[in-house]
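Undergrad: My structure is stored as run_0.txt, with compact mmCIF, C-alpha atoms and all ligand atoms.
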```txt
# COMPACT_ATOMS: atom_id res chain seq x y z
CA MET A 117 -9.89 -3.09 23.38
CA ILE A 118 -7.01 -0.60 23.33
CA THR A 119 -4.50 -1.97 20.82
CA LEU A 120 -0.98 -0.82 20.11
CA GLY A 121 0.06 -1.38 16.49
CA ILE A 122 3.70 -1.60 15.38
CA GLU A 123 4.83 -1.48 11.75
CA THR A 124 8.47 -1.60 10.57
CA SER A 125 8.35 -3.72 7.41
CA CYS A 126 10.12 -1.24 5.13
CA ASP A 127 11.22 2.39 5.60
CA GLU A 128 8.45 3.69 7.88
CA THR A 129 8.78 3.37 11.65
CA ALA A 130 5.14 3.48 12.71
CA VAL A 131 3.21 3.05 15.95
CA ALA A 132 -0.51 3.61 16.46
CA VAL A 133 -3.16 3.22 19.13
CA VAL A 134 -6.58 1.95 18.08
CA ASP A 135 -9.58 1.34 20.31
CA LYS A 136 -12.55 -0.65 18.97
CA GLY A 137 -11.64 0.27 15.41
CA GLN A 138 -11.22 3.99 16.20
CA VAL A 139 -7.75 5.42 15.59
CA LEU A 140 -6.61 7.32 18.70
CA SER A 141 -3.13 8.05 17.35
CA ASP A 142 -1.12 7.20 14.26
CA GLU A 143 2.55 8.11 14.38
CA VAL A 144 4.93 7.60 11.44
CA SER A 145 8.60 8.49 11.12
CA SER A 146 10.07 7.76 7.72
CA SER A 147 13.65 7.22 6.62
CA VAL A 148 12.63 7.98 3.02
CA HIS A 149 14.93 11.05 2.85
CA LEU A 150 17.94 8.83 3.61
CA HIS A 151 17.16 6.53 0.67
CA ALA A 152 16.47 9.32 -1.85
CA ALA A 153 20.08 9.46 -3.06
CA TYR A 154 19.97 5.74 -3.95
CA GLY A 155 16.61 5.79 -5.80
CA GLY A 156 15.28 2.96 -3.60
CA VAL A 157 15.25 1.63 -0.05
CA VAL A 158 18.63 0.55 1.35
CA PRO A 159 17.77 -2.23 3.86
CA GLU A 160 20.65 -1.58 6.25
CA ILE A 161 19.82 2.13 6.50
CA ALA A 162 16.13 1.33 7.05
CA SER A 163 16.75 -1.08 9.93
CA ARG A 164 19.22 1.24 11.65
CA PHE A 165 16.64 4.02 11.44
CA HIS A 166 13.96 1.78 13.02
CA THR A 167 16.32 0.90 15.88
CA GLU A 168 17.07 4.56 16.50
CA TYR A 169 13.52 5.92 16.33
CA ILE A 170 11.09 3.20 17.41
CA PHE A 171 11.10 4.15 21.08
CA SER A 172 10.39 7.85 20.48
CA VAL A 173 7.69 7.03 17.92
CA PHE A 174 6.12 4.65 20.46
CA LYS A 175 6.16 7.31 23.20
CA LYS A 176 4.64 9.91 20.88
CA ALA A 177 1.87 7.51 19.81
CA LEU A 178 0.95 6.91 23.46
CA ARG A 179 1.05 10.64 24.20
CA ASP A 180 -1.11 11.57 21.20
CA ALA A 181 -3.66 8.93 22.18
CA LYS A 182 -3.63 10.23 25.76
CA THR A 183 -2.89 6.72 26.98
CA GLY A 184 -0.14 5.14 29.06
CA ILE A 185 1.35 1.70 28.58
CA LYS A 186 -0.88 0.43 31.41
CA ASP A 187 -3.97 1.25 29.30
CA ILE A 188 -2.82 -0.96 26.42
CA GLU A 189 -4.61 -4.32 26.28
CA LEU A 190 -3.15 -5.87 23.13
CA ILE A 191 -0.09 -5.51 20.90
CA ALA A 192 -0.31 -6.08 17.14
CA VAL A 193 2.88 -6.24 15.09
CA THR A 194 3.66 -6.70 11.40
CA CYS A 195 5.27 -10.13 10.97
CA GLY A 196 5.89 -9.92 7.19
CA PRO A 197 6.31 -9.67 4.29
CA GLY A 198 9.02 -7.04 4.36
CA LEU A 199 12.74 -6.44 4.78
CA PRO A 200 14.01 -9.03 7.32
CA GLY A 201 16.24 -6.60 9.22
CA SER A 202 13.44 -4.03 9.42
CA LEU A 203 10.77 -6.51 10.52
CA LEU A 204 13.12 -7.80 13.20
CA VAL A 205 13.25 -4.41 14.93
CA GLY A 206 9.46 -4.13 15.21
CA LYS A 207 9.04 -7.74 16.28
CA ALA A 208 11.77 -7.55 18.93
CA PHE A 209 10.27 -4.34 20.29
CA ALA A 210 6.77 -5.87 20.39
CA ASN A 211 8.03 -9.07 22.05
CA ALA A 212 9.92 -7.15 24.72
CA LEU A 213 6.89 -4.98 25.47
CA SER A 214 4.58 -7.98 25.56
CA PHE A 215 6.89 -9.80 27.99
CA ALA A 216 7.51 -6.80 30.24
CA GLU A 217 3.83 -5.79 30.46
CA GLY A 218 2.29 -9.27 30.25
CA LEU A 219 0.29 -8.26 27.18
CA PRO A 220 -1.06 -10.58 24.48
CA LEU A 221 0.65 -10.26 21.11
CA VAL A 222 -0.93 -10.81 17.72
CA GLU A 223 1.04 -11.01 14.46
CA VAL A 224 -0.41 -9.30 11.40
CA ASP A 225 0.40 -9.79 7.72
CA HIS A 226 1.41 -6.45 6.19
CA VAL A 227 -0.42 -7.00 2.90
CA ASN A 228 -3.62 -8.07 4.65
CA ALA A 229 -3.35 -4.93 6.77
CA HIS A 230 -3.21 -2.78 3.60
CA ILE A 231 -6.54 -4.33 2.56
CA ALA A 232 -7.99 -3.79 6.06
CA SER A 233 -6.98 -0.09 5.85
CA CYS A 234 -9.93 0.38 3.46
CA PHE A 235 -12.35 -0.15 6.34
CA ILE A 236 -10.74 2.02 9.04
CA SER A 237 -12.86 5.09 8.42
CA ASP A 238 -16.07 3.19 7.72
CA GLN A 239 -18.43 4.15 10.50
CA GLU A 240 -21.37 2.13 9.20
CA GLU A 241 -20.00 -1.27 8.26
CA ASP A 242 -17.72 -3.70 10.04
CA MET A 243 -15.10 -5.35 7.84
CA THR A 244 -15.85 -8.74 9.46
CA ASP A 245 -19.43 -8.61 8.15
CA LEU A 246 -18.35 -7.98 4.55
CA PHE A 247 -16.69 -11.31 3.64
CA PRO A 248 -16.40 -12.56 0.97
CA PHE A 249 -14.88 -9.72 -1.04
CA LEU A 250 -12.01 -9.11 -3.46
CA GLY A 251 -8.98 -7.43 -1.94
CA MET A 252 -6.20 -5.77 -3.84
CA VAL A 253 -2.86 -4.32 -2.79
CA ILE A 254 -1.00 -1.92 -5.06
CA SER A 255 2.21 -0.83 -3.37
CA GLY A 256 5.96 -0.64 -3.76
CA GLY A 257 6.31 -4.34 -2.95
CA HIS A 258 3.06 -5.88 -4.23
CA THR A 259 0.46 -5.76 -6.94
CA ASN A 260 -1.78 -8.64 -5.93
CA ILE A 261 -5.46 -9.50 -5.97
CA TYR A 262 -6.90 -11.69 -3.19
CA SER A 263 -10.04 -13.60 -2.60
CA CYS A 264 -10.83 -12.60 1.01
CA ARG A 265 -13.11 -15.09 2.73
CA SER A 266 -12.42 -14.47 6.42
CA LEU A 267 -9.89 -12.66 8.63
CA ASN A 268 -7.55 -15.63 8.28
CA ASP A 269 -8.28 -16.54 4.69
CA PHE A 270 -6.88 -14.13 2.10
CA SER A 271 -5.80 -16.21 -0.92
CA VAL A 272 -3.90 -14.76 -3.88
CA ILE A 273 -5.71 -15.00 -7.21
CA ALA A 274 -3.42 -12.66 -9.18
CA ARG A 275 0.05 -11.25 -8.72
CA THR A 276 2.73 -9.36 -10.59
CA LYS A 277 5.14 -11.57 -12.46
CA ASP A 278 7.95 -9.04 -12.03
CA ASP A 279 7.84 -5.46 -10.71
CA ALA A 280 5.08 -4.11 -8.48
CA ALA A 281 3.24 -1.01 -9.75
CA GLY A 282 4.82 1.25 -7.09
CA GLU A 283 8.24 -0.17 -7.92
CA ALA A 284 7.66 0.80 -11.57
CA PHE A 285 6.80 4.36 -10.48
CA ASP A 286 10.00 4.46 -8.42
CA LYS A 287 12.20 3.05 -11.19
CA VAL A 288 10.79 5.37 -13.86
CA ALA A 289 11.38 8.33 -11.56
CA LYS A 290 14.96 7.13 -11.20
CA ILE A 291 15.42 6.91 -14.99
CA LEU A 292 14.13 10.48 -15.33
CA ASP A 293 16.20 11.60 -12.35
CA LEU A 294 13.15 12.90 -10.49
CA GLY A 295 13.81 11.63 -6.96
CA TYR A 296 12.38 9.03 -4.60
CA PRO A 297 9.71 7.85 -3.97
CA GLY A 298 8.62 8.18 -7.58
CA GLY A 299 4.83 7.84 -7.25
CA PRO A 300 3.96 11.26 -5.79
CA ILE A 301 6.52 13.04 -8.00
CA ILE A 302 5.29 11.40 -11.21
CA GLU A 303 1.67 12.13 -10.27
CA LYS A 304 2.54 15.80 -9.72
CA ARG A 305 4.40 16.11 -13.03
CA ALA A 306 1.60 14.39 -14.93
CA LYS A 307 -1.09 16.58 -13.44
CA GLY A 308 -3.31 18.56 -15.76
CA LEU A 309 -1.69 17.07 -18.85
CA THR A 310 -3.92 15.65 -21.51
CA LYS A 311 -3.10 12.37 -23.23
CA HIS A 312 -0.13 12.25 -25.60
CA PRO A 313 -0.88 9.82 -28.42
CA GLU A 314 2.70 10.17 -29.68
CA ILE A 315 3.94 8.47 -26.50
CA ARG A 316 2.23 5.16 -25.83
CA PHE A 317 3.83 2.76 -23.41
CA PRO A 318 2.99 -0.96 -23.60
CA ARG A 319 0.20 -2.56 -21.60
CA ALA A 320 1.37 -6.10 -20.77
CA LEU A 321 -0.62 -9.34 -20.42
CA LEU A 322 -3.90 -8.03 -21.77
CA ASN A 323 -4.32 -10.50 -24.65
CA LYS A 324 -5.61 -13.54 -22.80
CA LYS A 325 -9.06 -12.84 -21.36
CA THR A 326 -8.54 -15.08 -18.32
CA ASP A 327 -5.11 -13.72 -17.38
CA VAL A 328 -5.42 -11.55 -14.28
CA ASP A 329 -1.68 -11.39 -13.46
CA PHE A 330 0.35 -8.21 -13.92
CA SER A 331 3.72 -7.36 -15.45
CA PHE A 332 5.22 -3.89 -15.14
CA SER A 333 8.88 -4.35 -15.99
CA GLY A 334 8.21 -3.88 -19.73
CA ILE A 335 6.74 -0.40 -19.25
CA LYS A 336 9.83 0.60 -17.30
CA THR A 337 12.14 -0.62 -20.07
CA ALA A 338 10.00 1.14 -22.70
CA VAL A 339 10.39 4.41 -20.76
CA LEU A 340 14.15 3.84 -20.59
CA TYR A 341 14.43 3.44 -24.39
CA TYR A 342 12.10 6.35 -25.09
CA TRP A 343 14.10 8.58 -22.75
CA LYS A 344 17.41 7.58 -24.39
CA ASP A 345 16.30 8.85 -27.80
CA CYS A 346 14.09 11.84 -27.02
CA ARG A 347 14.81 15.55 -26.50
CA LYS A 348 15.70 15.64 -22.80
CA THR A 349 13.58 18.61 -21.79
CA GLU A 350 11.50 19.14 -18.66
CA GLU A 351 8.40 19.29 -20.86
CA GLU A 352 9.26 15.89 -22.31
CA LYS A 353 9.64 14.47 -18.80
CA ASP A 354 6.15 15.72 -17.90
CA LYS A 355 4.71 14.05 -20.98
CA ILE A 356 6.45 10.77 -20.18
CA CYS A 357 5.12 10.91 -16.61
CA SER A 358 1.60 11.48 -17.87
CA SER A 359 1.74 8.66 -20.44
CA PHE A 360 3.41 6.28 -18.02
CA GLN A 361 0.82 6.94 -15.31
CA GLU A 362 -1.95 6.50 -17.86
CA ALA A 363 -0.52 3.12 -18.93
CA ILE A 364 -0.26 1.80 -15.36
CA VAL A 365 -3.77 2.93 -14.44
CA ASP A 366 -5.16 1.55 -17.67
CA VAL A 367 -3.70 -1.92 -17.01
CA ILE A 368 -4.93 -1.97 -13.41
CA ASP A 369 -8.41 -0.87 -14.52
CA LYS A 370 -8.66 -3.62 -17.15
CA LYS A 371 -7.34 -6.32 -14.80
CA VAL A 372 -9.76 -5.26 -12.06
CA LEU A 373 -12.62 -5.58 -14.53
CA ARG A 374 -11.41 -9.06 -15.44
CA ALA A 375 -11.08 -10.14 -11.81
CA LEU A 376 -14.56 -8.85 -11.02
CA GLU A 377 -16.05 -10.66 -14.01
CA LEU A 378 -14.22 -13.93 -13.32
CA THR A 379 -15.12 -14.04 -9.62
CA GLY A 380 -18.52 -12.33 -9.65
CA ALA A 381 -17.43 -10.36 -6.58
CA GLU A 382 -19.81 -7.73 -5.24
CA ARG A 383 -17.30 -5.85 -3.10
CA LEU A 384 -13.73 -4.68 -3.79
CA ALA A 385 -11.22 -3.22 -1.30
CA VAL A 386 -8.02 -1.70 -2.73
CA GLY A 387 -5.16 -0.56 -0.46
CA GLY A 388 -1.43 0.28 -0.68
CA GLY A 389 0.75 3.31 -1.39
CA VAL A 390 -0.17 3.64 -5.09
CA VAL A 391 -3.83 4.12 -4.09
CA ASN A 392 -2.77 7.66 -3.15
CA ASN A 393 -2.84 8.31 -6.89
CA GLU A 394 -5.87 10.41 -7.79
CA LEU A 395 -6.19 9.15 -11.39
CA LEU A 396 -6.18 5.55 -10.15
CA ARG A 397 -8.79 6.31 -7.48
CA GLN A 398 -11.06 7.99 -10.02
CA ARG A 399 -10.70 5.12 -12.48
CA LEU A 400 -11.49 2.53 -9.79
CA VAL A 401 -14.57 4.48 -8.70
CA LEU A 402 -15.79 4.61 -12.31
CA ARG A 403 -15.07 0.94 -12.93
CA CYS A 404 -16.97 -0.18 -9.83
CA GLN A 405 -19.90 2.12 -10.57
CA ARG A 406 -20.19 0.61 -14.05
CA SER A 407 -19.89 -2.94 -12.70
CA GLY A 408 -22.34 -2.41 -9.84
CA VAL A 409 -19.64 -3.30 -7.32
CA LYS A 410 -19.21 -1.63 -3.93
CA LEU A 411 -15.73 -0.13 -3.70
CA TYR A 412 -13.77 0.45 -0.50
CA LEU A 413 -10.69 2.70 -0.66
CA PRO A 414 -8.56 3.83 2.28
CA GLU A 415 -8.34 7.48 3.25
CA LYS A 416 -5.16 8.81 1.67
CA LYS A 417 -3.39 9.00 5.04
CA TYR A 418 -3.81 5.21 5.41
CA CYS A 419 -2.56 4.27 1.91
CA THR A 420 1.18 4.27 2.56
CA ASP A 421 2.66 2.19 5.38
CA ASN A 422 1.19 2.95 8.79
CA ALA A 423 0.55 1.16 12.07
CA ALA A 424 -3.15 2.10 12.37
CA MET A 425 -3.98 -0.58 9.78
CA VAL A 426 -1.90 -3.13 11.75
CA ALA A 427 -3.63 -2.35 15.06
CA PHE A 428 -7.03 -2.25 13.33
CA LEU A 429 -6.65 -5.72 11.80
CA GLY A 430 -4.83 -7.11 14.86
CA GLU A 431 -7.72 -6.15 17.13
CA LYS A 432 -10.23 -7.85 14.82
CA LYS A 433 -8.13 -11.00 14.54
CA PHE A 434 -7.61 -11.24 18.29
CA LYS A 435 -11.32 -10.81 19.03
CA ALA A 436 -12.27 -13.39 16.41
CA GLU A 437 -9.80 -15.92 17.88
CA ARG A 438 -11.20 -15.35 21.38
CA VAL A 439 -14.74 -15.94 20.15
CA ARG A 440 -13.62 -19.19 18.51
CA ALA A 441 -11.66 -20.42 21.57
O1 LIG B 501 2.36 0.77 0.66
P1 LIG B 501 3.67 1.49 0.60
O2 LIG B 501 3.87 2.65 1.53
O3 LIG B 501 4.88 0.53 0.84
C1 LIG B 501 4.91 -0.81 0.46
O4 LIG B 501 4.31 -1.66 1.18
O5 LIG B 501 5.51 -1.05 -0.61
O6 LIG B 501 3.84 1.96 -0.94
C2 LIG B 501 4.91 2.72 -1.36
C3 LIG B 501 4.79 2.89 -2.87
C4 LIG B 501 6.00 3.54 -3.51
O7 LIG B 501 6.43 2.73 -4.58
C5 LIG B 501 5.48 4.88 -3.98
O8 LIG B 501 6.13 5.37 -5.15
C6 LIG B 501 4.02 4.57 -4.24
O9 LIG B 501 3.67 3.71 -3.19
N1 LIG B 501 3.18 5.79 -4.22
C7 LIG B 501 2.50 6.26 -5.29
C8 LIG B 501 1.89 7.47 -4.88
N2 LIG B 501 2.21 7.68 -3.56
C9 LIG B 501 3.00 6.63 -3.17
N3 LIG B 501 2.38 5.78 -6.55
C10 LIG B 501 1.64 6.51 -7.42
N4 LIG B 501 1.04 7.70 -7.10
C11 LIG B 501 1.14 8.21 -5.85
N5 LIG B 501 0.56 9.37 -5.54
ZN ZN B 502 3.06 -1.44 2.51
```
Kindly present the structure from the file in structure tokens form.
TA:
Amino acid sequence: MITLGIETSCDETAVAVVDKGQVLSDEVSSSVHLHAAYGGVVPEIASRFHTEYIFSVFKKALRDAKTGIKDIELIAVTCGPGLPGSLLVGKAFANALSFAEGLPLVEVDHVNAHIASCFISDQEEDMTDLFPFLGMVISGGHTNIYSCRSLNDFSVIARTKDDAAGEAFDKVAKILDLGYPGGPIIEKRAKGLTKHPEIRFPRALLNKKTDVDFSFSGIKTAVLYYWKDCRKTEEEKDKICSSFQEAIVDVIDKKVLRALELTGAERLAVGGGVVNNELLRQRLVLRCQRSGVKLYLPEKKYCTDNAAMVAFLGEKKFKAERVRA
């Protein structure tokens, strides 16, 4: 079933074509450079960018997939969560296309799609055969753990009480005046550095054994105070990046262990932009090896926002609904 995916929940205008789980094209145009000066996404700028670029991104996705609009059999669009003005552009585009071409339209939850992205490149297993599993999304907007029981049943079992992990990366990068988005920059600056015991940032909510929720705003504030009083050298910035990254990964690792122990899950799928981070990936691999849990991670190109994950999940949801009907 040739499915067109449309994703405009934040600052990426993305369109993809997926056929029976195989990605034929995956086009992304990002307005990230326009937000860099502000240290975070400016909603009005993001939605204007979507309006301006969605049609050309759509045409390029069709071209790359060597398909025409007449080949498309289904449209999948992100319905939320996200910036309202940004979501509106993708949804209006999808509705217009669906009406004009008489195509069925399926709405996809952005966070669920991040979890589904873990299974895109899996040639051997079908995501639908793997329920139940634990799903986790670590992105700029979310740091949540889900109990995933079916395509329509992803229930939250843990969430961040304040900032998401990616948001903490972005805010720390802003404090250190490193640019936006913070995650890739901080990872680069931390690279190759060994641990710095003299800088230890707090790990929140680890005291109570049954607490699986996250809190990352404290780490950000700790970095702010440390930065205020330290020698403001480039070397010091690198050390802060390394210790900050270590603290975030450490918390995620410990909470994942807790969630696995509390639920007895045998499979874990972790998606979202922060999963680009190599230290985090390595730590998750190690944790799951030790716990005897099968881990599913997305290819790096499917970690940050993309429409392939939307089309991929949309196709599965549509087929499952048809079987049920
Ligand atoms: O999933 P995503 O593209 O958008 C949301 O749905 O939020 O995630 C974007 C987030 C940003 O906060 C960015 O700083 C973070 O992912 N990120 C990273 C890395 N690459 C992107 N965080 C840590 N290390 C990275 N390499
Ligand atoms: Zn996302």
Undergrad: Between A:Val372, A:Ala423, A:Leu378, A:Val193, which residue has the minimum interatomic distance to Leu402 (chain A), considering only C-alpha atoms?
TA: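 Of the candidates, the smallest distance to Leu402 (chain A) is held by A:Val372.
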Undergrad: Which of these residues is nearest to ligand ZN 502 (chain B), using all atoms listed in the file: A:Asp421, A:Glu240, A:Asp369, A:Glu351?
TA: A:Asp421
Undergrad: Each residue of chain A lying at most 10 Å from ligand LIG 501 (chain B) should get a row with its shortest atom-to-atom pair and the distance in Å to one decimal, counting only C-alpha atoms and all ligand atoms; could you produce that, ordered by chain and increasing number, as a Markdown table?
TA:
```
| residue | atom | partner | partner_atom | distance |
| --- | --- | --- | --- | --- |
| A:Ser125 | CA | B:LIG501 | O4 | 7.7 |
| A:Cys126 | CA | B:LIG501 | O3 | 7.0 |
| A:Asp127 | CA | B:LIG501 | O3 | 8.1 |
| A:Glu128 | CA | B:LIG501 | O2 | 7.9 |
| A:Gly156 | CA | B:LIG501 | O7 | 8.9 |
| A:Val157 | CA | B:LIG501 | O7 | 10.0 |
| A:Pro197 | CA | B:LIG501 | O4 | 8.8 |
| A:Gly198 | CA | B:LIG501 | O4 | 7.8 |
| A:His226 | CA | B:LIG501 | O4 | 7.5 |
| A:Val227 | CA | B:LIG501 | O4 | 7.3 |
| A:His230 | CA | B:LIG501 | O1 | 7.2 |
| A:Val253 | CA | B:LIG501 | O1 | 8.1 |
| A:Ile254 | CA | B:LIG501 | O1 | 7.2 |
| A:Ser255 | CA | B:LIG501 | O6 | 4.0 |
| A:Gly256 | CA | B:LIG501 | O5 | 3.2 |
| A:Gly257 | CA | B:LIG501 | O5 | 4.1 |
| A:His258 | CA | B:LIG501 | O5 | 6.5 |
| A:Thr259 | CA | B:LIG501 | O5 | 9.4 |
| A:Ala280 | CA | B:LIG501 | O7 | 8.0 |
| A:Ala281 | CA | B:LIG501 | O7 | 7.1 |
| A:Gly282 | CA | B:LIG501 | O7 | 3.3 |
| A:Glu283 | CA | B:LIG501 | O7 | 4.8 |
| A:Ala284 | CA | B:LIG501 | O7 | 7.4 |
| A:Phe285 | CA | B:LIG501 | O8 | 5.5 |
| A:Asp286 | CA | B:LIG501 | O8 | 5.1 |
| A:Lys287 | CA | B:LIG501 | O7 | 8.8 |
| A:Val288 | CA | B:LIG501 | O8 | 9.9 |
| A:Ala289 | CA | B:LIG501 | O8 | 8.8 |
| A:Tyr296 | CA | B:LIG501 | O8 | 7.3 |
| A:Pro297 | CA | B:LIG501 | O8 | 4.5 |
| A:Gly298 | CA | B:LIG501 | O8 | 4.5 |
| A:Gly299 | CA | B:LIG501 | N3 | 3.3 |
| A:Pro300 | CA | B:LIG501 | N5 | 3.9 |
| A:Ile301 | CA | B:LIG501 | N5 | 7.4 |
| A:Ile302 | CA | B:LIG501 | N4 | 7.0 |
| A:Glu303 | CA | B:LIG501 | N4 | 5.5 |
| A:Lys304 | CA | B:LIG501 | N5 | 7.9 |
| A:Gln361 | CA | B:LIG501 | C10 | 7.9 |
| A:Ile364 | CA | B:LIG501 | C10 | 9.4 |
| A:Val365 | CA | B:LIG501 | C10 | 9.6 |
| A:Gly387 | CA | B:LIG501 | O1 | 7.7 |
| A:Gly388 | CA | B:LIG501 | O1 | 4.0 |
| A:Gly389 | CA | B:LIG501 | O6 | 3.4 |
| A:Val390 | CA | B:LIG501 | N3 | 3.6 |
| A:Val391 | CA | B:LIG501 | C11 | 6.7 |
| A:Asn392 | CA | B:LIG501 | N5 | 4.4 |
| A:Asn393 | CA | B:LIG501 | N5 | 3.8 |
| A:Glu394 | CA | B:LIG501 | N5 | 6.9 |
| A:Leu395 | CA | B:LIG501 | N4 | 8.5 |
| A:Leu396 | CA | B:LIG501 | N4 | 8.1 |
| A:Arg397 | CA | B:LIG501 | N4 | 9.9 |
| A:Lys416 | CA | B:LIG501 | N2 | 9.1 |
| A:Tyr418 | CA | B:LIG501 | O1 | 9.0 |
| A:Cys419 | CA | B:LIG501 | O1 | 6.2 |
| A:Thr420 | CA | B:LIG501 | O2 | 3.3 |
| A:Asp421 | CA | B:LIG501 | O2 | 4.1 |
| A:Asn422 | CA | B:LIG501 | O2 | 7.7 |
```
Undergrad: Kindly export the residues of the current selection with C-alpha atoms, as a compact mmCIF listing (two decimals), keeping the file's coordinate frame.
TA:
```txt
# COMPACT_ATOMS: atom_id res chain seq x y z
CA SER A 125 8.35 -3.72 7.41
CA CYS A 126 10.12 -1.24 5.13
CA ASP A 127 11.22 2.39 5.60
CA GLU A 128 8.45 3.69 7.88
CA GLY A 156 15.28 2.96 -3.60
CA VAL A 157 15.25 1.63 -0.05
CA PRO A 197 6.31 -9.67 4.29
CA GLY A 198 9.02 -7.04 4.36
CA HIS A 226 1.41 -6.45 6.19
CA VAL A 227 -0.42 -7.00 2.90
CA HIS A 230 -3.21 -2.78 3.60
CA VAL A 253 -2.86 -4.32 -2.79
CA ILE A 254 -1.00 -1.92 -5.06
CA SER A 255 2.21 -0.83 -3.37
CA GLY A 256 5.96 -0.64 -3.76
CA GLY A 257 6.31 -4.34 -2.95
CA HIS A 258 3.06 -5.88 -4.23
CA THR A 259 0.46 -5.76 -6.94
CA ALA A 280 5.08 -4.11 -8.48
CA ALA A 281 3.24 -1.01 -9.75
CA GLY A 282 4.82 1.25 -7.09
CA GLU A 283 8.24 -0.17 -7.92
CA ALA A 284 7.66 0.80 -11.57
CA PHE A 285 6.80 4.36 -10.48
CA ASP A 286 10.00 4.46 -8.42
CA LYS A 287 12.20 3.05 -11.19
CA VAL A 288 10.79 5.37 -13.86
CA ALA A 289 11.38 8.33 -11.56
CA TYR A 296 12.38 9.03 -4.60
CA PRO A 297 9.71 7.85 -3.97
CA GLY A 298 8.62 8.18 -7.58
CA GLY A 299 4.83 7.84 -7.25
CA PRO A 300 3.96 11.26 -5.79
CA ILE A 301 6.52 13.04 -8.00
CA ILE A 302 5.29 11.40 -11.21
CA GLU A 303 1.67 12.13 -10.27
CA LYS A 304 2.54 15.80 -9.72
CA GLN A 361 0.82 6.94 -15.31
CA ILE A 364 -0.26 1.80 -15.36
CA VAL A 365 -3.77 2.93 -14.44
CA GLY A 387 -5.16 -0.56 -0.46
CA GLY A 388 -1.43 0.28 -0.68
CA GLY A 389 0.75 3.31 -1.39
CA VAL A 390 -0.17 3.64 -5.09
CA VAL A 391 -3.83 4.12 -4.09
CA ASN A 392 -2.77 7.66 -3.15
CA ASN A 393 -2.84 8.31 -6.89
CA GLU A 394 -5.87 10.41 -7.79
CA LEU A 395 -6.19 9.15 -11.39
CA LEU A 396 -6.18 5.55 -10.15
CA ARG A 397 -8.79 6.31 -7.48
CA LYS A 416 -5.16 8.81 1.67
CA TYR A 418 -3.81 5.21 5.41
CA CYS A 419 -2.56 4.27 1.91
CA THR A 420 1.18 4.27 2.56
CA ASP A 421 2.66 2.19 5.38
CA ASN A 422 1.19 2.95 8.79
```
Undergrad: Just checking: using only C-alpha atoms, which residue out of A:Glu377, A:Asp293, A:Asp238, A:Glu382 ends up closest to Lys353 (chain A)?
TA: A:Asp293
Undergrad: How many Å lie between CA of Thr326 (chain A) and CA of Lys311 (chain A), rounded to one decimal?
TA: 28.4 Å
Undergrad: Which value, in Å to one decimal, gives the distance between CA of Val205 (chain A) and CA of Gln138 (chain A)?
TA: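 One can read the CA of Val205 (chain A) to CA of Gln138 (chain A) distance as 25.9 Å.
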Undergrad: For Ala210 (chain A), list every protein, DNA or RNA residue within 9 Å, evaluated using only C-alpha atoms, and leave out those in the same chain fewer than 6 positions away; present the list as a list in words.
TA: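 Those residues are Gly121, Ile122, Ile191, Ala192, Val193 and Leu221 of chain A.
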Undergrad: Could you pull the residues within 9 Å of Glu415 (chain A), counting all atoms listed in the file, minus those fewer than 5 positions along the same chain, as JSON, numbers by chain?
TA: {"A": [233, 234, 236, 237, 392]}
Undergrad: Just to confirm, what's the straight-line distance from CA of Phe249 (chain A) to CA of Val401 (chain A) in Å (one decimal)?
TA: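 Between CA of Phe249 (chain A) and CA of Val401 (chain A) the gap is 16.1 Å.
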Undergrad: Please give the centre and size of the box around region 378-384 of chain A (axis-aligned, containing every atom listed in the file, 6 Å added per side), with values in Å to one decimal and written as AutoDock Vina command-line options.
TA:
```
--center_x -16.8 --center_y -9.4 --center_z -8.2 --size_x 18.1 --size_y 21.4 --size_z 22.2
```
Undergrad: Here is a test: counting only C-alpha atoms, which residue of A:Ile335, A:Leu384, A:Ala306, A:Val367 is nearest to Pro318 (chain A)?
TA: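 When distances to Pro318 (chain A) are compared using only C-alpha atoms, the smallest one comes from A:Ile335.
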Undergrad: Using all atoms listed in the file, can you tell me which of A:Asp135, A:Glu143, A:Glu217, A:Asp225 comes closest to ligand ZN 502 (chain B)?
TA: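 Looking only at the distances to ligand ZN 502 (chain B), the closest residue turns out to be A:Asp225.
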Undergrad: Identify which of the residues A:Thr337, A:Ser146, A:Thr244, A:Thr379 lies closest to Tyr262 (chain A), counting all atoms listed in the file when measuring atom-to-atom distances.
TA: A:Thr379
Undergrad: Tell me, as a list in words, which residues lie within 8 Å of Leu140 (chain A), counting only C-alpha atoms; anything in the same chain fewer than 6 positions away does not count.
TA: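 Residues meeting the cut-off are Ala132, Val133, Val134, Asp180 and Ala181 of chain A.
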Undergrad: Write out as a ChimeraX atom specification the residues lying within 10 Å of Glu168 (chain A), counting all atoms listed in the file and excluding same-chain residues fewer than 5 positions away.
TA: /A:129,163,173,205
Undergrad: List as a PDB file with C-alpha atoms, in the frame of the given file the protein and nucleic acid residues near Ala274 (chain A), meaning an atom at most 6 Å away when all atoms listed in the file are counted, but skip any in the same chain fewer than 4 places from it.
TA:
```
ATOM      1  CA  ASN A 260      -1.780  -8.640  -5.930  1.00  0.00           C
ATOM      2  CA  ILE A 261      -5.460  -9.500  -5.970  1.00  0.00           C
ATOM      3  CA  VAL A 328      -5.420 -11.550 -14.280  1.00  0.00           C
ATOM      4  CA  ASP A 329      -1.680 -11.390 -13.460  1.00  0.00           C
TER       5      ASP A 329
END
```
